[in-house]
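J.: One structure follows; several queries about it will come next.
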Amino acid sequence: MPPFGATERGRQALRSACSVLFTVLISLAAIEIVLRVIDLRVLREVSGERSLSYHYDSELGWAPTPNSNTVVTTARTIHAHHNSLGFRDIEFAPGGKPAMLFIGDSFVWGVDAEADERFTDLLRGQIPDTSIVNAGVSGFGTDQEYLLLHRIWAEIQPKLVVLIFCTANDRVDNSANIRYDGYQKPYFVSAADGALALSGQPVPKSRQLYFKEDWLVRHWWLARAAVYAYLEFRYPALSLPDPTERLVSNSSKRVARGCWSDFS
């Protein structure tokens with residue numbers, strides 16, 4: 001049987017540990033409440049076309065989910081269906097009519113527009129001897145569109161590629177590794193020989209992905225704050241030299257040659 005003094009010290013240690021644990025739990029609960037009340041934008045789970053109908057892509061950052069259907073509400077409510085290639089478009093039939101491929105961001109994808117209201121769908125009826133392919137992805141910069149072209153080139157084999165460039169945000173997209181609500185993306189830098197060099201792959205998962213897929217992070221704002229702090233420290237935002245002209249020029253040359261062997 002242990003001495004009385006040892007037993008009493010054990011009880012005191014247990015009471016002290018319980019008191020510390022209780023204090024920590026109360027403090028964490030108070031911080032959780034404060035975070036929910038102040039509702040910081042960086043800790044919110046954003047509801048939009050990227051979070052509802054897109055998935056994480058280690059090469060592109062994000063991409064539409066193939067064979068998916070969703071309802072998206074921003075300025076208005078629209079319905080979005082993505083085909084087997086991940087395009088918000090009708091199914092592509094290879095080997096048929098010559099393909100005209102449209103790439104771009106939300107304007108091409110059709111934010112706030114039903115599919116049949118977009119210019120690509122209207123154009124399809126005016127040039128029926130051409131296969132119109134809409135490969136727009138909301139939020140993409142010219143750099144991600146460049147990578148997407150490389151990925152889908154062999155499948156589509158387009159005769160003509162139309163790049164829709166947005167002067168309002170594409171240059172900013174191309175000069176950053178993080179855009180919009182914390183979405184991580186790949187980027188291009190100039191190599192020692194002057195060529196464009198791809199960087200940022202595999203693309204880190206964005207905080208929105210953690211908010212969406214991790215139960216603890218989804219339900220506890222303390223966990224969201226921890227994820228945000230980790231990503232800010234581990235993958236800070238970069239301000240990069242604008243590679244837009246080089247990207248457009250390289251895209252044009254590769255489309256003309258039908259060659260996508262590298263990204264330089």
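Chain labels run A, B, ... following the order of the structure tokens; each chain numbers its residues from 1, and ligands are numbered from 1 in the order shown.
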According to DSSP computed on the backbone, where in range 179-221 of chain A is there strand (DSSP E or B)? Give the residues as a list in words.

T.: Arg179, Tyr183, Gln184, Tyr187, Phe188, Val189, Ser190, Leu196, Ala197, Leu198 and Ser199 of chain A

J.: Contacts of range 200-205 of chain A at 7 Å or less, counting only C-alpha atoms, minus same-chain residues fewer than 6 places along, as a VMD selection string?

T.: chain A and resid 58 to 59 61 184 to 187

J.: Could those selected residues go to a file with N, CA and C atoms, as an mmCIF file, in the first residue's frame?

T.:
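Final file, out27.cif:
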data_model
loop_
_atom_site.group_PDB
_atom_site.id
_atom_site.type_symbol
_atom_site.label_atom_id
_atom_site.label_comp_id
_atom_site.auth_asym_id
_atom_site.auth_seq_id
_atom_site.Cartn_x
_atom_site.Cartn_y
_atom_site.Cartn_z
ATOM 1 N N SER A 58 -3.203 18.112 -59.406
ATOM 2 C CA SER A 58 -1.820 18.355 -58.998
ATOM 3 C C SER A 58 -0.997 19.062 -60.071
ATOM 4 N N GLU A 59 -1.473 19.066 -61.313
ATOM 5 C CA GLU A 59 -0.757 19.741 -62.391
ATOM 6 C C GLU A 59 -1.317 21.128 -62.680
ATOM 7 N N GLY A 61 -3.815 22.759 -60.640
ATOM 8 C CA GLY A 61 -4.334 23.434 -59.454
ATOM 9 C C GLY A 61 -5.759 23.023 -59.176
ATOM 10 N N GLN A 184 -4.206 27.461 -54.871
ATOM 11 C CA GLN A 184 -2.821 27.326 -55.319
ATOM 12 C C GLN A 184 -2.801 26.935 -56.801
ATOM 13 N N LYS A 185 -1.761 27.387 -57.519
ATOM 14 C CA LYS A 185 -1.676 27.108 -58.947
ATOM 15 C C LYS A 185 -0.215 26.988 -59.369
ATOM 16 N N PRO A 186 0.052 26.342 -60.506
ATOM 17 C CA PRO A 186 1.422 26.315 -61.043
ATOM 18 C C PRO A 186 1.764 27.663 -61.659
ATOM 19 N N TYR A 187 3.027 27.874 -61.962
ATOM 20 C CA TYR A 187 3.448 29.142 -62.541
ATOM 21 C C TYR A 187 4.729 28.940 -63.343
#

J.: Excluding same-chain residues fewer than 6 positions from range 206-214 of chain A, what lies within 12 Å of it counting only C-alpha atoms, as a compact mmCIF listing (two decimals) with all heavy atoms, in the first residue's frame?

T.:
# COMPACT_ATOMS: atom_id res chain seq x y z
N ARG A 41 -12.81 36.35 -43.64
CA ARG A 41 -13.03 35.88 -45.01
C ARG A 41 -12.12 34.70 -45.36
O ARG A 41 -12.54 33.76 -46.03
CB ARG A 41 -12.79 37.02 -46.01
CG ARG A 41 -12.91 36.59 -47.46
CD ARG A 41 -12.66 37.73 -48.43
NE ARG A 41 -12.64 37.26 -49.80
CZ ARG A 41 -13.73 37.05 -50.53
NH1 ARG A 41 -14.92 37.26 -50.02
NH2 ARG A 41 -13.62 36.62 -51.78
N VAL A 42 -10.87 34.74 -44.91
CA VAL A 42 -9.91 33.69 -45.26
C VAL A 42 -10.28 32.35 -44.64
O VAL A 42 -9.73 31.32 -45.05
CB VAL A 42 -8.48 34.08 -44.85
CG1 VAL A 42 -8.01 35.29 -45.61
CG2 VAL A 42 -8.37 34.30 -43.34
N LEU A 43 -11.19 32.33 -43.68
CA LEU A 43 -11.59 31.08 -43.04
C LEU A 43 -12.96 30.60 -43.52
O LEU A 43 -13.43 29.55 -43.06
CB LEU A 43 -11.61 31.24 -41.51
CG LEU A 43 -10.28 31.64 -40.86
CD1 LEU A 43 -10.43 31.68 -39.35
CD2 LEU A 43 -9.16 30.70 -41.27
N ARG A 44 -13.56 31.33 -44.43
CA ARG A 44 -14.88 30.92 -44.92
C ARG A 44 -14.75 29.83 -45.98
O ARG A 44 -13.81 29.82 -46.77
CB ARG A 44 -15.61 32.11 -45.54
CG ARG A 44 -15.96 33.21 -44.58
CD ARG A 44 -16.58 34.37 -45.35
NE ARG A 44 -16.69 35.57 -44.53
CZ ARG A 44 -16.95 36.79 -45.02
NH1 ARG A 44 -17.12 36.93 -46.33
NH2 ARG A 44 -17.03 37.82 -44.22
N GLU A 45 -15.74 28.97 -46.01
CA GLU A 45 -15.84 28.00 -47.10
C GLU A 45 -16.64 28.66 -48.22
O GLU A 45 -17.81 28.98 -48.06
CB GLU A 45 -16.54 26.72 -46.64
CG GLU A 45 -16.60 25.66 -47.72
CD GLU A 45 -17.25 24.37 -47.23
OE1 GLU A 45 -17.69 24.34 -46.07
OE2 GLU A 45 -17.32 23.42 -48.02
N VAL A 46 -15.98 28.90 -49.34
CA VAL A 46 -16.58 29.64 -50.44
C VAL A 46 -17.42 28.71 -51.30
O VAL A 46 -17.00 27.60 -51.63
CB VAL A 46 -15.50 30.33 -51.29
CG1 VAL A 46 -16.11 31.04 -52.49
CG2 VAL A 46 -14.72 31.32 -50.43
N SER A 47 -18.59 29.17 -51.67
CA SER A 47 -19.47 28.39 -52.54
C SER A 47 -19.50 29.03 -53.92
O SER A 47 -19.98 30.15 -54.08
CB SER A 47 -20.89 28.34 -51.95
OG SER A 47 -21.76 27.61 -52.79
N GLY A 48 -18.93 28.34 -54.90
CA GLY A 48 -18.90 28.84 -56.26
C GLY A 48 -18.61 27.71 -57.22
O GLY A 48 -18.56 26.54 -56.82
N ARG A 50 -15.88 26.81 -58.68
CA ARG A 50 -14.65 26.05 -58.42
C ARG A 50 -14.82 25.09 -57.26
O ARG A 50 -14.35 23.96 -57.30
CB ARG A 50 -13.48 27.02 -58.16
CG ARG A 50 -12.93 27.67 -59.42
CD ARG A 50 -11.73 28.53 -59.11
NE ARG A 50 -12.09 29.70 -58.32
CZ ARG A 50 -12.54 30.84 -58.84
NH1 ARG A 50 -12.69 30.96 -60.15
NH2 ARG A 50 -12.84 31.87 -58.08
N SER A 51 -15.51 25.53 -56.19
CA SER A 51 -15.65 24.67 -55.03
C SER A 51 -16.75 23.62 -55.21
O SER A 51 -16.69 22.54 -54.62
CB SER A 51 -15.96 25.51 -53.78
OG SER A 51 -17.18 26.22 -53.93
N LEU A 52 -17.75 23.92 -56.04
CA LEU A 52 -18.88 23.01 -56.19
C LEU A 52 -18.66 21.96 -57.27
O LEU A 52 -19.09 20.82 -57.13
CB LEU A 52 -20.16 23.80 -56.50
CG LEU A 52 -20.69 24.70 -55.37
CD1 LEU A 52 -21.85 25.54 -55.87
CD2 LEU A 52 -21.13 23.86 -54.18
N SER A 53 -18.03 22.34 -58.37
CA SER A 53 -17.98 21.41 -59.50
C SER A 53 -16.56 21.11 -59.97
O SER A 53 -16.38 20.42 -60.96
CB SER A 53 -18.78 21.98 -60.69
OG SER A 53 -18.30 23.26 -61.07
N TYR A 54 -15.55 21.61 -59.25
CA TYR A 54 -14.17 21.37 -59.63
C TYR A 54 -13.50 20.49 -58.57
O TYR A 54 -13.97 20.38 -57.45
CB TYR A 54 -13.38 22.68 -59.76
CG TYR A 54 -13.76 23.53 -60.94
CD1 TYR A 54 -14.88 23.24 -61.73
CD2 TYR A 54 -13.02 24.65 -61.28
CE1 TYR A 54 -15.21 24.03 -62.81
CE2 TYR A 54 -13.35 25.46 -62.36
CZ TYR A 54 -14.45 25.14 -63.12
OH TYR A 54 -14.79 25.93 -64.20
N HIS A 55 -12.38 19.87 -58.96
CA HIS A 55 -11.63 19.04 -58.02
C HIS A 55 -10.15 19.45 -58.06
O HIS A 55 -9.71 20.16 -58.97
CB HIS A 55 -11.77 17.55 -58.38
CG HIS A 55 -11.19 17.20 -59.72
ND1 HIS A 55 -11.92 17.26 -60.89
CD2 HIS A 55 -9.94 16.80 -60.09
CE1 HIS A 55 -11.16 16.91 -61.91
NE2 HIS A 55 -9.94 16.64 -61.45
N TYR A 56 -9.41 18.98 -57.07
CA TYR A 56 -7.98 19.27 -57.00
C TYR A 56 -7.26 18.58 -58.15
O TYR A 56 -7.55 17.44 -58.50
CB TYR A 56 -7.43 18.78 -55.67
CG TYR A 56 -5.92 18.72 -55.60
CD1 TYR A 56 -5.17 19.88 -55.54
CD2 TYR A 56 -5.26 17.49 -55.61
CE1 TYR A 56 -3.78 19.83 -55.48
CE2 TYR A 56 -3.87 17.43 -55.55
CZ TYR A 56 -3.14 18.61 -55.48
OH TYR A 56 -1.76 18.54 -55.44
N ASP A 57 -6.32 19.29 -58.76
CA ASP A 57 -5.51 18.75 -59.84
C ASP A 57 -4.06 19.11 -59.55
O ASP A 57 -3.72 20.29 -59.46
CB ASP A 57 -5.96 19.35 -61.18
CG ASP A 57 -5.31 18.67 -62.37
OD1 ASP A 57 -4.08 18.77 -62.50
OD2 ASP A 57 -6.04 18.05 -63.17
N SER A 58 -3.20 18.11 -59.41
CA SER A 58 -1.82 18.36 -59.00
C SER A 58 -1.00 19.06 -60.07
O SER A 58 0.06 19.62 -59.77
CB SER A 58 -1.14 17.03 -58.63
OG SER A 58 -1.08 16.17 -59.76
N GLY A 61 -3.81 22.76 -60.64
CA GLY A 61 -4.33 23.43 -59.45
C GLY A 61 -5.76 23.02 -59.18
O GLY A 61 -6.09 22.53 -58.10
N TRP A 62 -6.63 23.20 -60.15
CA TRP A 62 -8.01 22.73 -60.08
C TRP A 62 -8.49 22.45 -61.49
O TRP A 62 -7.93 22.93 -62.47
CB TRP A 62 -8.91 23.77 -59.40
CG TRP A 62 -8.99 25.09 -60.11
CD1 TRP A 62 -9.88 25.47 -61.08
CD2 TRP A 62 -8.13 26.24 -59.90
NE1 TRP A 62 -9.63 26.76 -61.50
CE2 TRP A 62 -8.57 27.26 -60.79
CE3 TRP A 62 -7.06 26.49 -59.06
CZ2 TRP A 62 -7.96 28.50 -60.85
CZ3 TRP A 62 -6.44 27.74 -59.13
CH2 TRP A 62 -6.89 28.73 -60.00
N ASN A 177 1.17 32.62 -57.75
CA ASN A 177 1.04 31.20 -57.45
C ASN A 177 -0.21 30.90 -56.63
O ASN A 177 -0.53 29.74 -56.39
CB ASN A 177 2.27 30.68 -56.70
CG ASN A 177 2.42 31.32 -55.32
OD1 ASN A 177 2.15 32.52 -55.16
ND2 ASN A 177 2.84 30.55 -54.34
N ILE A 178 -0.91 31.95 -56.20
CA ILE A 178 -2.15 31.80 -55.43
C ILE A 178 -3.15 32.81 -55.96
O ILE A 178 -2.81 34.00 -56.12
CB ILE A 178 -1.92 32.04 -53.92
CG1 ILE A 178 -0.89 31.05 -53.36
CG2 ILE A 178 -3.23 31.91 -53.15
CD1 ILE A 178 -0.52 31.30 -51.91
N ARG A 179 -4.38 32.36 -56.19
CA ARG A 179 -5.39 33.28 -56.71
C ARG A 179 -6.73 33.07 -56.03
O ARG A 179 -7.00 32.01 -55.45
CB ARG A 179 -5.56 33.09 -58.23
CG ARG A 179 -4.41 33.63 -59.03
CD ARG A 179 -4.26 35.14 -58.92
NE ARG A 179 -5.25 35.84 -59.74
CZ ARG A 179 -5.83 36.98 -59.38
NH1 ARG A 179 -5.60 37.50 -58.20
NH2 ARG A 179 -6.68 37.57 -60.20
N TYR A 180 -7.54 34.11 -56.09
CA TYR A 180 -8.92 34.09 -55.61
C TYR A 180 -8.98 33.66 -54.15
O TYR A 180 -8.30 34.25 -53.32
CB TYR A 180 -9.77 33.23 -56.55
CG TYR A 180 -9.60 33.70 -57.99
CD1 TYR A 180 -8.89 32.95 -58.93
CD2 TYR A 180 -10.09 34.95 -58.39
CE1 TYR A 180 -8.68 33.43 -60.22
CE2 TYR A 180 -9.90 35.42 -59.67
CZ TYR A 180 -9.20 34.66 -60.58
OH TYR A 180 -8.99 35.13 -61.84
N ASP A 181 -9.74 32.68 -53.78
CA ASP A 181 -9.91 32.31 -52.37
C ASP A 181 -8.86 31.31 -51.93
O ASP A 181 -9.16 30.23 -51.40
CB ASP A 181 -11.32 31.76 -52.15
CG ASP A 181 -12.39 32.81 -52.39
OD1 ASP A 181 -12.45 33.77 -51.60
OD2 ASP A 181 -13.13 32.69 -53.37
N GLY A 182 -7.58 31.67 -52.13
CA GLY A 182 -6.49 30.82 -51.67
C GLY A 182 -6.19 29.63 -52.54
O GLY A 182 -5.54 28.69 -52.08
N TYR A 183 -6.63 29.65 -53.79
CA TYR A 183 -6.37 28.51 -54.67
C TYR A 183 -4.92 28.54 -55.15
O TYR A 183 -4.48 29.49 -55.77
CB TYR A 183 -7.33 28.52 -55.86
CG TYR A 183 -8.70 28.01 -55.54
CD1 TYR A 183 -9.72 28.88 -55.16
CD2 TYR A 183 -8.99 26.65 -55.59
CE1 TYR A 183 -10.99 28.41 -54.85
CE2 TYR A 183 -10.26 26.18 -55.29
CZ TYR A 183 -11.25 27.05 -54.91
OH TYR A 183 -12.50 26.59 -54.60
N GLN A 184 -4.21 27.46 -54.87
CA GLN A 184 -2.82 27.33 -55.32
C GLN A 184 -2.80 26.93 -56.80
O GLN A 184 -3.70 26.24 -57.28
CB GLN A 184 -2.12 26.24 -54.50
CG GLN A 184 -2.10 26.49 -53.00
CD GLN A 184 -0.95 27.36 -52.56
OE1 GLN A 184 -0.04 27.63 -53.33
NE2 GLN A 184 -0.97 27.79 -51.31
N LYS A 185 -1.76 27.39 -57.52
CA LYS A 185 -1.68 27.11 -58.95
C LYS A 185 -0.22 26.99 -59.37
O LYS A 185 0.68 27.48 -58.68
CB LYS A 185 -2.36 28.21 -59.76
CG LYS A 185 -1.75 29.59 -59.52
CD LYS A 185 -2.45 30.66 -60.33
CE LYS A 185 -2.10 30.61 -61.79
NZ LYS A 185 -0.67 30.97 -62.06
N TRP A 220 -14.60 22.81 -37.59
CA TRP A 220 -13.96 23.57 -36.53
C TRP A 220 -13.11 24.69 -37.11
O TRP A 220 -12.18 24.46 -37.87
CB TRP A 220 -13.08 22.66 -35.67
CG TRP A 220 -13.89 21.70 -34.84
CD1 TRP A 220 -14.25 20.44 -35.17
CD2 TRP A 220 -14.46 21.97 -33.56
NE1 TRP A 220 -15.01 19.88 -34.17
CE2 TRP A 220 -15.17 20.80 -33.16
CE3 TRP A 220 -14.44 23.08 -32.69
CZ2 TRP A 220 -15.84 20.71 -31.96
CZ3 TRP A 220 -15.12 22.99 -31.49
CH2 TRP A 220 -15.81 21.82 -31.13
N TRP A 221 -13.45 25.94 -36.75
CA TRP A 221 -12.74 27.08 -37.29
C TRP A 221 -11.32 27.19 -36.74
O TRP A 221 -10.46 27.79 -37.38
CB TRP A 221 -13.54 28.36 -37.03
CG TRP A 221 -14.70 28.48 -37.98
CD1 TRP A 221 -15.66 27.54 -38.24
CD2 TRP A 221 -15.00 29.60 -38.81
NE1 TRP A 221 -16.54 28.00 -39.17
CE2 TRP A 221 -16.18 29.27 -39.54
CE3 TRP A 221 -14.42 30.84 -38.99
CZ2 TRP A 221 -16.76 30.14 -40.45
CZ3 TRP A 221 -15.00 31.71 -39.89
CH2 TRP A 221 -16.15 31.37 -40.61
N LEU A 222 -11.08 26.62 -35.59
CA LEU A 222 -9.71 26.56 -35.08
C LEU A 222 -8.84 25.74 -36.02
O LEU A 222 -7.69 26.11 -36.30
CB LEU A 222 -9.69 25.93 -33.68
CG LEU A 222 -9.76 26.89 -32.49
CD1 LEU A 222 -9.97 26.10 -31.21
CD2 LEU A 222 -8.48 27.72 -32.41
N ALA A 223 -9.39 24.64 -36.52
CA ALA A 223 -8.65 23.81 -37.47
C ALA A 223 -8.45 24.56 -38.79
O ALA A 223 -7.40 24.46 -39.43
CB ALA A 223 -9.39 22.49 -37.71
N ARG A 224 -9.44 25.34 -39.18
CA ARG A 224 -9.29 26.15 -40.39
C ARG A 224 -8.16 27.17 -40.23
O ARG A 224 -7.36 27.38 -41.15
CB ARG A 224 -10.60 26.89 -40.70
CG ARG A 224 -11.77 25.99 -41.05
CD ARG A 224 -12.95 26.82 -41.53
NE ARG A 224 -14.13 25.98 -41.76
CZ ARG A 224 -15.23 26.39 -42.38
NH1 ARG A 224 -15.30 27.63 -42.82
NH2 ARG A 224 -16.25 25.58 -42.55
N ALA A 225 -8.12 27.79 -39.05
CA ALA A 225 -7.07 28.78 -38.79
C ALA A 225 -5.69 28.12 -38.82
O ALA A 225 -4.73 28.69 -39.32
CB ALA A 225 -7.31 29.46 -37.45
N ALA A 226 -5.61 26.89 -38.29
CA ALA A 226 -4.34 26.17 -38.29
C ALA A 226 -3.90 25.83 -39.71
O ALA A 226 -2.73 25.97 -40.07
CB ALA A 226 -4.46 24.90 -37.45
N VAL A 227 -4.85 25.39 -40.56
CA VAL A 227 -4.55 25.08 -41.95
C VAL A 227 -4.11 26.34 -42.69
O VAL A 227 -3.13 26.33 -43.45
CB VAL A 227 -5.78 24.45 -42.64
CG1 VAL A 227 -5.61 24.43 -44.15
CG2 VAL A 227 -6.01 23.04 -42.13
N TYR A 228 -4.82 27.44 -42.46
CA TYR A 228 -4.47 28.70 -43.11
C TYR A 228 -3.06 29.14 -42.72
O TYR A 228 -2.25 29.53 -43.58
CB TYR A 228 -5.48 29.77 -42.73
CG TYR A 228 -5.10 31.17 -43.16
CD1 TYR A 228 -5.17 31.53 -44.50
CD2 TYR A 228 -4.63 32.09 -42.24
CE1 TYR A 228 -4.80 32.81 -44.91
CE2 TYR A 228 -4.26 33.37 -42.64
CZ TYR A 228 -4.35 33.73 -43.98
OH TYR A 228 -3.98 34.97 -44.38
N ALA A 229 -2.74 29.05 -41.44
CA ALA A 229 -1.41 29.47 -40.97
C ALA A 229 -0.32 28.58 -41.57
O ALA A 229 0.74 29.07 -41.98
CB ALA A 229 -1.36 29.42 -39.45
N TYR A 230 -0.59 27.27 -41.63
CA TYR A 230 0.40 26.35 -42.20
C TYR A 230 0.66 26.67 -43.67
O TYR A 230 1.82 26.74 -44.10
CB TYR A 230 -0.09 24.91 -42.06
CG TYR A 230 0.68 23.93 -42.92
CD1 TYR A 230 1.97 23.54 -42.58
CD2 TYR A 230 0.12 23.42 -44.09
CE1 TYR A 230 2.69 22.66 -43.38
CE2 TYR A 230 0.83 22.54 -44.89
CZ TYR A 230 2.10 22.16 -44.53
OH TYR A 230 2.82 21.30 -45.34
N LEU A 231 -0.40 26.86 -44.45
CA LEU A 231 -0.23 27.12 -45.88
C LEU A 231 0.45 28.46 -46.12
O LEU A 231 1.27 28.59 -47.04
CB LEU A 231 -1.60 27.08 -46.58
CG LEU A 231 -2.27 25.72 -46.66
CD1 LEU A 231 -3.67 25.83 -47.26
CD2 LEU A 231 -1.43 24.73 -47.46
N GLU A 232 0.12 29.46 -45.30
CA GLU A 232 0.76 30.77 -45.45
C GLU A 232 2.26 30.68 -45.18
O GLU A 232 3.06 31.35 -45.83
CB GLU A 232 0.13 31.77 -44.48
CG GLU A 232 -1.24 32.26 -44.92
CD GLU A 232 -1.18 33.16 -46.13
OE1 GLU A 232 -0.51 34.21 -46.05
OE2 GLU A 232 -1.78 32.81 -47.16
N ARG A 234 4.12 27.67 -45.24
CA ARG A 234 4.78 26.68 -46.10
C ARG A 234 4.77 27.08 -47.57
O ARG A 234 5.75 26.83 -48.29
CB ARG A 234 4.06 25.33 -45.94
CG ARG A 234 4.67 24.17 -46.72
CD ARG A 234 6.04 23.80 -46.19
NE ARG A 234 6.59 22.67 -46.91
CZ ARG A 234 7.25 22.78 -48.08
NH1 ARG A 234 7.40 23.96 -48.64
NH2 ARG A 234 7.73 21.71 -48.68
N TYR A 235 3.70 27.71 -48.04
CA TYR A 235 3.58 28.08 -49.45
C TYR A 235 3.13 29.54 -49.55
O TYR A 235 1.98 29.83 -49.90
CB TYR A 235 2.59 27.18 -50.17
CG TYR A 235 2.89 25.70 -50.03
CD1 TYR A 235 2.12 24.89 -49.18
CD2 TYR A 235 3.92 25.12 -50.74
CE1 TYR A 235 2.41 23.54 -49.06
CE2 TYR A 235 4.21 23.76 -50.60
CZ TYR A 235 3.44 22.98 -49.75
OH TYR A 235 3.72 21.64 -49.63
N PRO A 236 4.02 30.49 -49.25
CA PRO A 236 3.63 31.90 -49.27
C PRO A 236 3.32 32.39 -50.68
O PRO A 236 3.78 31.82 -51.68
CB PRO A 236 4.86 32.60 -48.70
CG PRO A 236 6.00 31.68 -49.03
CD PRO A 236 5.44 30.29 -48.92

J.: Please return as a ChimeraX atom specification: the residues of range 60-183 of chain A that backbone DSSP assigns to helix (DSSP H, G or I).

T.: /A:106-109,115-117,119-126,142-156,170-174

J.: Which residues are close to Phe92 in chain A, i.e. within 12 Å by only C-alpha atoms, leaving aside same-chain residues fewer than 2 positions away? Reply as a VMD selection string.

T.: chain A and resid 82 to 90 94 to 101 130 to 135 152 155 to 158

J.: Could you jot down the CA of Asp121 in chain A to CA of Ala80 in chain A separation for me, Å, one decimal place?

T.: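 Computing the Euclidean distance for CA of Asp121 in chain A and CA of Ala80 in chain A yields 13.8 Å.
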
J.: Name the closest residue to Arg151 in chain A among the candidates A:Thr74, A:Arg118, A:Ser106, A:Trp260; distances are taken between atoms, counting only C-alpha atoms.

T.: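 Closest to Arg151 in chain A, using only C-alpha atoms: A:Trp260.
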
J.: To one decimal in Å, tell me the separation between CA of Leu160 in chain A and CA of Ala256 in chain A.

T.: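 These atoms are spaced 8.9 Å apart.
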
J.: Residues of range 114-200 of chain A within 12 Å of range 250-254 of chain A: nearest atom pair and distance (Å, one decimal) for each, counting only C-alpha atoms, sorted by chain and number, as a Markdown table?

T.:
| residue | atom | partner | partner_atom | distance |
| --- | --- | --- | --- | --- |
| A:Thr142 | CA | A:Ser251 | CA | 9.6 |
| A:Asp143 | CA | A:Ser251 | CA | 9.9 |
| A:Gln144 | CA | A:Ser251 | CA | 11.6 |
| A:Glu145 | CA | A:Ser251 | CA | 9.4 |
| A:Tyr146 | CA | A:Ser251 | CA | 6.6 |
| A:Leu147 | CA | A:Ser251 | CA | 9.7 |
| A:Leu148 | CA | A:Ser251 | CA | 11.0 |
| A:Leu149 | CA | A:Ser251 | CA | 8.4 |
| A:His150 | CA | A:Arg254 | CA | 9.3 |
| A:Trp153 | CA | A:Arg254 | CA | 10.3 |
| A:Pro158 | CA | A:Arg254 | CA | 11.8 |
| A:Leu160 | CA | A:Ser252 | CA | 10.3 |
| A:Val161 | CA | A:Ser252 | CA | 8.7 |
| A:Val162 | CA | A:Ser252 | CA | 9.9 |
| A:Leu163 | CA | A:Ser251 | CA | 9.2 |
| A:Ala195 | CA | A:Asn250 | CA | 10.3 |
| A:Leu196 | CA | A:Asn250 | CA | 9.4 |
